[in-house]
Structures are given as structure tokens and as C-alpha cells.
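Each remark here refers to the structure printed beneath this line.
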Amino acid sequence: MVKICKASLKYASGDGLDRISLEVRSGEFVYLVGPTGAGKSSVLKMIYMDALPSEGYVTVGGYDSRDISDNEIPFVRRKIGIVFQDFKLLEDRDVFENVAFALRVTGARRKDIKRKTLRALGEVSLPHKSRKMPHELSGGEQQRVAIARAIVNDPFILLADEPTGNLDPKTTIQIMNILDRLSTRGTAILMATHNYELVNSSVKRVVSIKNGTTLN
Ligand SMILES: Nc1ncnc2c1ncn2[C@@H]1O[C@H](COP(=O)(O)OP(=O)(O)OP(=O)(O)O)[C@@H](O)[C@H]1O
Ligand SMILES: [Mg+2]
């Protein structure tokens with residue numbers, strides 16, 4: 001479903017990824033761990049086709065980095081959800097609009113936008129906060145909105161870049177429970193994290209990365 005095969009990515013600085021290989025199957029939950037600067041975010045960026053490899057390839061759904069056109073990139077991104085450590089909500093729109101926005105850009109019908117947005121907010125137990133602005137929410141709630149936005153288009157994979165990095169342990173567990181539930185329902189999850197405590201206490205698959213290369 002998502003396959004990275006011997007892919008390299010070189011930044012102008014000389015850093016980047018060196019012949020990374022990684023496969024994530026449907027519904028699988030994978031932790032991507034490694035020290036700062038190892039290349040975790042770069043791997044997610046490559047899957048999101050935000051950066052294309054200079055060698056090797058990435059396939060996501062039916063798309064292949066070797067022959068994808070610029071016009072197709074928005075379509076592959078619709079099949080991928082993404083969340084970040086700092087939530088990245090639109091501060092001038094309420095919760096409902098933050099989630100609905102991801103559907104509006106696809107040209108979805110108004111009725112479907114409402115139904116799908118409320119369903120996604122239901123998944124993160126936040127329908128009652130629909131009309132709140134992001135600054136009126138706690139960090140954990142903001143991250144739940146970001147997750148709702150990421151899943152509203154029914155992605156087959158959710159990329160999470162340090163999603164609990166700004167959250168306390170209790171809120172971290174809440175977020176992890178939401179991600180676990182999504183993965184048991186078939187959404188693959190690839191989560192970059194520094195939280196070794198979380199990783200060590202779990203039975204999920206762990207992929208380690210160091211100096212731009214996967215170790216296992
Ligand atoms: N846009 C960029 N331009 C130049 N160099 C970059 C760019 N993005 C990342 N790098 C470099 O590539 C390497 C990998 O960075 P990346 O952000 O993927 O690491 P990371 O594992 O996500 O780190 P962290 O845990 O700190 O988030 C680092 O050396 C970084 O400085
Ligand atoms: Mg990173």
C-alpha cells in the first residue's frame with residue numbers, strides 16, 4: 001500500500017535520506033523512531049510526495065514517485081492524512097471549518113461536507129466543540145481536531161509526526177487510543193516519535209532510523 005524502495009533524498013545541505021526501504025500495509029501501526037535529525041520527518045514528507053526521491057521510489061496507493069505528474073499530487077494527498085506536533089490548525093476558522101476545509105477543497109457537496117465533518121469530529125469525541133475557535137481549545141483538543149481533519153477524506157494511511165510531542169502523559173494516552181482505534185478499523189498509521197517510553201511499552205512494529213537510513 002505504501003512502499004519506499006531504496007529511496008534517497010538529498011537536501012542542498014548534503015543531509016537527507018540514504019536508500020531507505022519501508023513498507024506499511026493496510027491497517028498496520030508502525031512507529032518510526034530515531035534521534036533528532038535522523039530523517040523521520042523526511043520519510044513522511046516523501047510518502048506525502050512533498051519531496052520526491054532522487055534515487056529509488058515511493059509508491060502510495062496506485063501512485064508511483066517515478067511517474068507521478070504535478071496534477072496527480074493533490075489526489076494522492078487526499079488518500080493520506082497528516083498530523084503534526086504543533087497541530088497546524090487554521091486559527092481564523094472554527095473547529096467545524098478546520099475539518100470541513102479538507103473536504104471543500106475536493107469540491108465535495110455541501111450535504112456530504114456536513115455529514116463527513118460531523119462524523120470525523122465524532123471519531124475524536126468533539127462534535128460539541130464544532131463552533132469553538134482553535135485558541136479556545138486545549139492542546140489535546142486541538143490535536144483531536146487535527147486528527148479529525150486528517151481522517152475526514154477516509155485516508156488509507158495517517159502520517160503522524162510527533163503527534164504527542166506537545167502533550168502531557170494523560171493526553172498522550174488519549175491521542176494514542178484514538179490512533180489505535182483508527183488502525184484497528186483499517187487505517188494504516190506511521191507515527192514518528194521520540195517518546196521511547198511509549199514505544200517500549202507497546203507491541204507495535206518499530207522502525208528505527210539513523211543518519212538517513214533505516215536500521216531494521
Ligand atoms: N528542507 C530542508 N533543507 C535542508 N536540510 C533539511 C531540510 N529538512 C531536513 N533537513 C535535514 O535533513 C536531516 C533529516 O531531517 P528530518 O527533519 O527528517 O529529521 P527528524 O528525524 O524528523 O528530526 P527531528 O526528530 O528533530 O524532528 C537533518 O539533518 C535536517 O537538518
Ligand atoms: Mg522531525
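Numbering starts fresh at 1 for the residues of each chain in the C-alpha cells, the chains themselves are lettered A, B, ... in the order given, and ligands are numbered from 1 as they appear.
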If you count only C-alpha atoms and all ligand atoms, which residues end up within 8 Å of ligand 2, as a CSV table (one decimal) with N, CA and C atoms, in the first residue's frame?
```csv
chain,number,residue,atom,x,y,z
A,36,THR,N,17.1,13.0,16.8
A,36,THR,CA,16.8,14.2,16.1
A,36,THR,C,17.7,14.4,14.9
A,37,GLY,N,17.1,14.7,13.7
A,37,GLY,CA,17.9,14.9,12.5
A,37,GLY,C,18.1,13.6,11.8
A,39,GLY,N,16.0,11.8,10.1
A,39,GLY,CA,15.3,11.7,8.8
A,39,GLY,C,13.8,11.3,8.9
A,40,LYS,N,13.3,11.3,10.1
A,40,LYS,CA,11.9,10.8,10.3
A,40,LYS,C,10.9,11.6,9.5
A,41,SER,N,11.0,13.0,9.7
A,41,SER,CA,10.1,13.8,9.0
A,41,SER,C,10.3,13.8,7.5
A,42,SER,N,11.5,13.6,7.1
A,42,SER,CA,11.8,13.5,5.7
A,42,SER,C,11.1,12.2,5.1
A,161,ASP,N,3.5,13.1,12.7
A,161,ASP,CA,4.9,13.5,13.0
A,161,ASP,C,4.9,14.0,14.5
A,162,GLU,N,5.4,13.2,15.4
A,162,GLU,CA,5.4,13.6,16.8
A,162,GLU,C,4.1,14.1,17.3
A,192,ALA,N,6.0,9.1,13.7
A,192,ALA,CA,7.3,9.4,14.1
A,192,ALA,C,7.3,9.9,15.5
```
Cut-off 12 Å, only C-alpha atoms and all ligand atoms, neighbours of ligand 1 as a PyMOL selection string: chain A and resi 8-18+32-46+50-51+84-86+160-163+165+191-195+208-214
Put those residues in a file: N, CA and C atoms, as a tab-separated table (two decimals), in the first residue's frame.
```tsv
chain	number	residue	atom	x	y	z
A	8	SER	N	16.45	7.62	-1.89
A	8	SER	CA	17.36	8.63	-1.35
A	8	SER	C	16.78	10.00	-1.60
A	9	LEU	N	17.09	10.87	-0.67
A	9	LEU	CA	16.61	12.25	-0.77
A	9	LEU	C	17.76	13.13	-0.30
A	10	LYS	N	18.19	14.02	-1.16
A	10	LYS	CA	19.34	14.85	-0.77
A	10	LYS	C	18.92	16.31	-0.68
A	11	TYR	N	19.14	16.92	0.47
A	11	TYR	CA	18.92	18.35	0.61
A	11	TYR	C	20.20	19.07	0.16
A	12	ALA	N	20.06	20.36	-0.12
A	12	ALA	CA	21.23	21.13	-0.56
A	12	ALA	C	22.34	21.08	0.49
A	13	SER	N	21.93	20.94	1.76
A	13	SER	CA	22.89	20.90	2.87
A	13	SER	C	23.75	19.64	2.83
A	14	GLY	N	23.33	18.66	2.02
A	14	GLY	CA	24.06	17.39	1.99
A	14	GLY	C	23.40	16.34	2.87
A	15	ASP	N	22.50	16.77	3.76
A	15	ASP	CA	21.76	15.81	4.59
A	15	ASP	C	20.62	15.22	3.78
A	16	GLY	N	19.97	14.24	4.38
A	16	GLY	CA	18.79	13.68	3.72
A	16	GLY	C	18.64	12.22	4.04
A	17	LEU	N	18.10	11.47	3.09
A	17	LEU	CA	17.87	10.04	3.29
A	17	LEU	C	18.73	9.24	2.33
A	18	ASP	N	19.17	8.10	2.81
A	18	ASP	CA	20.08	7.29	2.00
A	18	ASP	C	19.51	5.87	1.83
A	32	LEU	N	8.03	5.11	13.90
A	32	LEU	CA	9.28	5.46	13.25
A	32	LEU	C	10.10	6.24	14.28
A	33	VAL	N	11.17	5.62	14.76
A	33	VAL	CA	11.94	6.26	15.83
A	33	VAL	C	13.37	6.53	15.39
A	34	GLY	N	13.99	7.45	16.08
A	34	GLY	CA	15.38	7.77	15.77
A	34	GLY	C	15.72	9.13	16.34
A	35	PRO	N	17.00	9.39	16.52
A	35	PRO	CA	17.42	10.66	17.12
A	35	PRO	C	17.05	11.86	16.24
A	36	THR	N	17.12	13.02	16.83
A	36	THR	CA	16.78	14.23	16.08
A	36	THR	C	17.71	14.35	14.87
A	37	GLY	N	17.12	14.74	13.74
A	37	GLY	CA	17.90	14.87	12.51
A	37	GLY	C	18.10	13.55	11.77
A	38	ALA	N	17.54	12.46	12.29
A	38	ALA	CA	17.75	11.15	11.66
A	38	ALA	C	17.07	11.04	10.30
A	39	GLY	N	15.98	11.78	10.13
A	39	GLY	CA	15.28	11.72	8.85
A	39	GLY	C	13.82	11.28	8.93
A	40	LYS	N	13.27	11.25	10.14
A	40	LYS	CA	11.89	10.78	10.31
A	40	LYS	C	10.90	11.65	9.53
A	41	SER	N	10.99	12.96	9.74
A	41	SER	CA	10.05	13.84	9.04
A	41	SER	C	10.27	13.76	7.53
A	42	SER	N	11.51	13.56	7.12
A	42	SER	CA	11.79	13.46	5.68
A	42	SER	C	11.11	12.23	5.08
A	43	VAL	N	11.06	11.13	5.84
A	43	VAL	CA	10.37	9.93	5.34
A	43	VAL	C	8.89	10.23	5.14
A	44	LEU	N	8.29	10.92	6.11
A	44	LEU	CA	6.87	11.24	5.99
A	44	LEU	C	6.64	12.17	4.80
A	45	LYS	N	7.54	13.12	4.63
A	45	LYS	CA	7.46	14.07	3.52
A	45	LYS	C	7.50	13.35	2.17
A	46	MET	N	8.32	12.32	2.10
A	46	MET	CA	8.45	11.58	0.86
A	46	MET	C	7.17	10.80	0.56
A	50	ASP	N	5.82	15.31	-0.91
A	50	ASP	CA	6.20	16.70	-0.73
A	50	ASP	C	7.65	16.86	-1.18
A	51	ALA	N	8.35	15.75	-1.19
A	51	ALA	CA	9.72	15.71	-1.70
A	51	ALA	C	9.84	14.37	-2.42
A	84	PHE	N	0.66	16.90	12.82
A	84	PHE	CA	1.97	17.39	13.26
A	84	PHE	C	1.97	17.64	14.77
A	85	GLN	N	3.16	17.81	15.29
A	85	GLN	CA	3.32	18.11	16.71
A	85	GLN	C	2.59	19.40	17.11
A	86	ASP	N	2.65	20.41	16.22
A	86	ASP	CA	2.08	21.72	16.57
A	86	ASP	C	0.70	21.94	15.94
A	160	ALA	N	1.79	10.63	11.17
A	160	ALA	CA	1.74	11.45	12.38
A	160	ALA	C	3.17	11.78	12.78
A	161	ASP	N	3.48	13.07	12.75
A	161	ASP	CA	4.86	13.50	13.04
A	161	ASP	C	4.92	14.05	14.46
A	162	GLU	N	5.38	13.23	15.40
A	162	GLU	CA	5.45	13.61	16.82
A	162	GLU	C	4.11	14.15	17.32
A	163	PRO	N	3.02	13.41	17.10
A	163	PRO	CA	1.70	13.99	17.40
A	163	PRO	C	1.47	14.26	18.88
A	165	GLY	N	4.06	15.17	20.94
A	165	GLY	CA	5.25	15.89	21.41
A	165	GLY	C	4.95	17.06	22.33
A	191	MET	N	3.83	6.62	12.61
A	191	MET	CA	3.98	7.68	13.61
A	191	MET	C	5.45	7.87	13.97
A	192	ALA	N	5.97	9.06	13.67
A	192	ALA	CA	7.33	9.41	14.07
A	192	ALA	C	7.29	9.88	15.50
A	193	THR	N	8.18	9.37	16.32
A	193	THR	CA	8.17	9.79	17.73
A	193	THR	C	9.54	9.67	18.38
A	194	HIS	N	9.71	10.52	19.39
A	194	HIS	CA	10.88	10.48	20.27
A	194	HIS	C	10.53	9.81	21.58
A	195	ASN	N	9.27	9.51	21.75
A	195	ASN	CA	8.78	9.05	23.05
A	195	ASN	C	9.09	7.55	23.22
A	208	SER	N	13.51	1.78	13.10
A	208	SER	CA	14.48	2.77	13.59
A	208	SER	C	15.21	3.38	12.41
A	209	ILE	N	15.49	4.65	12.56
A	209	ILE	CA	16.20	5.34	11.50
A	209	ILE	C	17.32	6.16	12.14
A	210	LYS	N	18.45	6.14	11.46
A	210	LYS	CA	19.62	6.87	11.97
A	210	LYS	C	20.42	7.34	10.77
A	211	ASN	N	20.87	8.58	10.82
A	211	ASN	CA	21.65	9.15	9.71
A	211	ASN	C	21.01	8.88	8.35
A	212	GLY	N	19.70	8.98	8.29
A	212	GLY	CA	19.03	8.88	6.99
A	212	GLY	C	18.85	7.47	6.46
A	213	THR	N	19.12	6.45	7.31
A	213	THR	CA	18.98	5.07	6.84
A	213	THR	C	18.19	4.25	7.86
A	214	THR	N	17.34	3.37	7.36
A	214	THR	CA	16.62	2.50	8.29
A	214	THR	C	17.54	1.39	8.78
```
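The residue that comes closest to A:Phe156, out of A:Cys5, A:Ile47, A:Ile82, A:Ala188 and on the basis of only C-alpha atoms, is A:Ala188.
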Nearby residues (only C-alpha atoms) at most 12 Å from A:Pro74, same-chain spacing under 3 positions excluded, as a PyMOL selection string: chain A and resi 48-50+63+68-71+77-80+102+105-106
Generate the output file for the selected residues, C-alpha atoms, as an mmCIF file, in the first residue's frame.
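Saved result, selection_35.cif, follows:
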```cif
data_model
loop_
_atom_site.group_PDB
_atom_site.id
_atom_site.type_symbol
_atom_site.label_atom_id
_atom_site.label_comp_id
_atom_site.auth_asym_id
_atom_site.auth_seq_id
_atom_site.Cartn_x
_atom_site.Cartn_y
_atom_site.Cartn_z
ATOM 1 C CA TYR A 48 3.260 12.687 1.171
ATOM 2 C CA MET A 49 5.120 13.371 -2.090
ATOM 3 C CA ASP A 50 6.199 16.702 -0.726
ATOM 4 C CA TYR A 63 0.774 6.278 -7.485
ATOM 5 C CA ILE A 68 3.574 10.935 -10.903
ATOM 6 C CA SER A 69 2.625 14.244 -12.513
ATOM 7 C CA ASP A 70 2.189 17.526 -10.649
ATOM 8 C CA ASN A 71 -1.558 17.345 -11.338
ATOM 9 C CA ARG A 77 -2.573 13.563 -0.798
ATOM 10 C CA ARG A 78 -6.313 13.092 -0.440
ATOM 11 C CA LYS A 79 -5.623 9.472 0.354
ATOM 12 C CA ILE A 80 -3.125 10.413 3.073
ATOM 13 C CA ALA A 102 -10.206 19.485 3.774
ATOM 14 C CA VAL A 105 -11.038 21.769 -1.488
ATOM 15 C CA THR A 106 -12.095 18.452 -3.041
#
```
Per DSSP on the backbone, filter stretch 31-204 of chain A down to the residues in helix (DSSP H, G or I) and report them as JSON, numbers by chain. {"A": [40, 41, 42, 43, 44, 45, 46, 47, 70, 71, 72, 73, 74, 75, 76, 77, 78, 95, 96, 97, 98, 99, 100, 101, 102, 103, 104, 110, 111, 112, 113, 114, 115, 116, 117, 118, 119, 120, 121, 122, 123, 127, 128, 129, 134, 135, 136, 139, 140, 141, 142, 143, 144, 145, 146, 147, 148, 149, 150, 151, 169, 170, 171, 172, 173, 174, 175, 176, 177, 178, 179, 180, 181, 182, 183, 184, 196, 197, 198, 199, 200]}
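Here the DSSP assignment of strand (DSSP E or B), based on backbone atoms, applies within stretch 67-210 of chain A to A:Ile80, A:Gly81, A:Ile82, A:Val83, A:Phe84, A:Ile157, A:Leu158, A:Leu159, A:Ala160, A:Asp161, A:Ala188, A:Ile189, A:Leu190, A:Met191, A:Ala192, A:Thr193, A:Arg205, A:Val206, A:Val207, A:Ser208, A:Ile209, A:Lys210.
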Suppose we keep N, CA and C atoms; can you now write the selection as a PDB file, in the first residue's frame?
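Result file out19.pdb:
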```pdb
ATOM      1  N   ILE A  80      -4.070  10.425   1.952  1.00  0.00           N
ATOM      2  CA  ILE A  80      -3.125  10.413   3.073  1.00  0.00           C
ATOM      3  C   ILE A  80      -3.576  11.460   4.085  1.00  0.00           C
ATOM      4  N   GLY A  81      -3.650  11.070   5.347  1.00  0.00           N
ATOM      5  CA  GLY A  81      -3.918  12.067   6.389  1.00  0.00           C
ATOM      6  C   GLY A  81      -2.597  12.434   7.031  1.00  0.00           C
ATOM      7  N   ILE A  82      -2.492  13.652   7.537  1.00  0.00           N
ATOM      8  CA  ILE A  82      -1.227  14.027   8.161  1.00  0.00           C
ATOM      9  C   ILE A  82      -1.485  14.907   9.378  1.00  0.00           C
ATOM     10  N   VAL A  83      -0.795  14.608  10.471  1.00  0.00           N
ATOM     11  CA  VAL A  83      -0.880  15.452  11.671  1.00  0.00           C
ATOM     12  C   VAL A  83       0.531  15.742  12.182  1.00  0.00           C
ATOM     13  N   PHE A  84       0.659  16.903  12.819  1.00  0.00           N
ATOM     14  CA  PHE A  84       1.966  17.389  13.259  1.00  0.00           C
ATOM     15  C   PHE A  84       1.966  17.641  14.770  1.00  0.00           C
ATOM     16  N   ILE A 157      -3.832   5.881   4.852  1.00  0.00           N
ATOM     17  CA  ILE A 157      -2.738   5.970   5.817  1.00  0.00           C
ATOM     18  C   ILE A 157      -2.764   7.333   6.496  1.00  0.00           C
ATOM     19  N   LEU A 158      -2.444   7.307   7.779  1.00  0.00           N
ATOM     20  CA  LEU A 158      -2.313   8.545   8.545  1.00  0.00           C
ATOM     21  C   LEU A 158      -0.850   8.675   8.951  1.00  0.00           C
ATOM     22  N   LEU A 159      -0.238   9.776   8.539  1.00  0.00           N
ATOM     23  CA  LEU A 159       1.144  10.060   8.908  1.00  0.00           C
ATOM     24  C   LEU A 159       1.104  10.995  10.110  1.00  0.00           C
ATOM     25  N   ALA A 160       1.788  10.630  11.170  1.00  0.00           N
ATOM     26  CA  ALA A 160       1.735  11.449  12.379  1.00  0.00           C
ATOM     27  C   ALA A 160       3.169  11.779  12.782  1.00  0.00           C
ATOM     28  N   ASP A 161       3.483  13.074  12.748  1.00  0.00           N
ATOM     29  CA  ASP A 161       4.857  13.497  13.040  1.00  0.00           C
ATOM     30  C   ASP A 161       4.923  14.046  14.464  1.00  0.00           C
ATOM     31  N   ALA A 188      -3.966   2.599   8.086  1.00  0.00           N
ATOM     32  CA  ALA A 188      -2.564   2.392   8.468  1.00  0.00           C
ATOM     33  C   ALA A 188      -2.063   3.659   9.162  1.00  0.00           C
ATOM     34  N   ILE A 189      -1.165   3.485  10.124  1.00  0.00           N
ATOM     35  CA  ILE A 189      -0.613   4.642  10.829  1.00  0.00           C
ATOM     36  C   ILE A 189       0.904   4.536  10.849  1.00  0.00           C
ATOM     37  N   LEU A 190       1.547   5.608  10.445  1.00  0.00           N
ATOM     38  CA  LEU A 190       3.006   5.691  10.555  1.00  0.00           C
ATOM     39  C   LEU A 190       3.286   6.902  11.433  1.00  0.00           C
ATOM     40  N   MET A 191       3.826   6.623  12.609  1.00  0.00           N
ATOM     41  CA  MET A 191       3.984   7.680  13.607  1.00  0.00           C
ATOM     42  C   MET A 191       5.446   7.871  13.972  1.00  0.00           C
ATOM     43  N   ALA A 192       5.972   9.057  13.666  1.00  0.00           N
ATOM     44  CA  ALA A 192       7.333   9.405  14.066  1.00  0.00           C
ATOM     45  C   ALA A 192       7.289   9.879  15.504  1.00  0.00           C
ATOM     46  N   THR A 193       8.179   9.368  16.323  1.00  0.00           N
ATOM     47  CA  THR A 193       8.174   9.791  17.727  1.00  0.00           C
ATOM     48  C   THR A 193       9.545   9.671  18.377  1.00  0.00           C
ATOM     49  N   ARG A 205       4.920  -2.535  15.708  1.00  0.00           N
ATOM     50  CA  ARG A 205       6.143  -2.625  14.912  1.00  0.00           C
ATOM     51  C   ARG A 205       6.923  -1.309  15.041  1.00  0.00           C
ATOM     52  N   VAL A 206       8.243  -1.430  15.181  1.00  0.00           N
ATOM     53  CA  VAL A 206       9.089  -0.248  15.325  1.00  0.00           C
ATOM     54  C   VAL A 206      10.128  -0.256  14.216  1.00  0.00           C
ATOM     55  N   VAL A 207      10.232   0.849  13.508  1.00  0.00           N
ATOM     56  CA  VAL A 207      11.288   1.003  12.510  1.00  0.00           C
ATOM     57  C   VAL A 207      12.211   2.096  13.011  1.00  0.00           C
ATOM     58  N   SER A 208      13.509   1.779  13.098  1.00  0.00           N
ATOM     59  CA  SER A 208      14.481   2.766  13.587  1.00  0.00           C
ATOM     60  C   SER A 208      15.208   3.380  12.413  1.00  0.00           C
ATOM     61  N   ILE A 209      15.486   4.649  12.559  1.00  0.00           N
ATOM     62  CA  ILE A 209      16.203   5.344  11.504  1.00  0.00           C
ATOM     63  C   ILE A 209      17.325   6.161  12.137  1.00  0.00           C
ATOM     64  N   LYS A 210      18.453   6.140  11.465  1.00  0.00           N
ATOM     65  CA  LYS A 210      19.615   6.866  11.968  1.00  0.00           C
ATOM     66  C   LYS A 210      20.422   7.343  10.773  1.00  0.00           C
TER      67      LYS A 210
END
```
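Between atom CA of A:Pro134 and atom CA of A:Val76 the separation is 27.5 Å.
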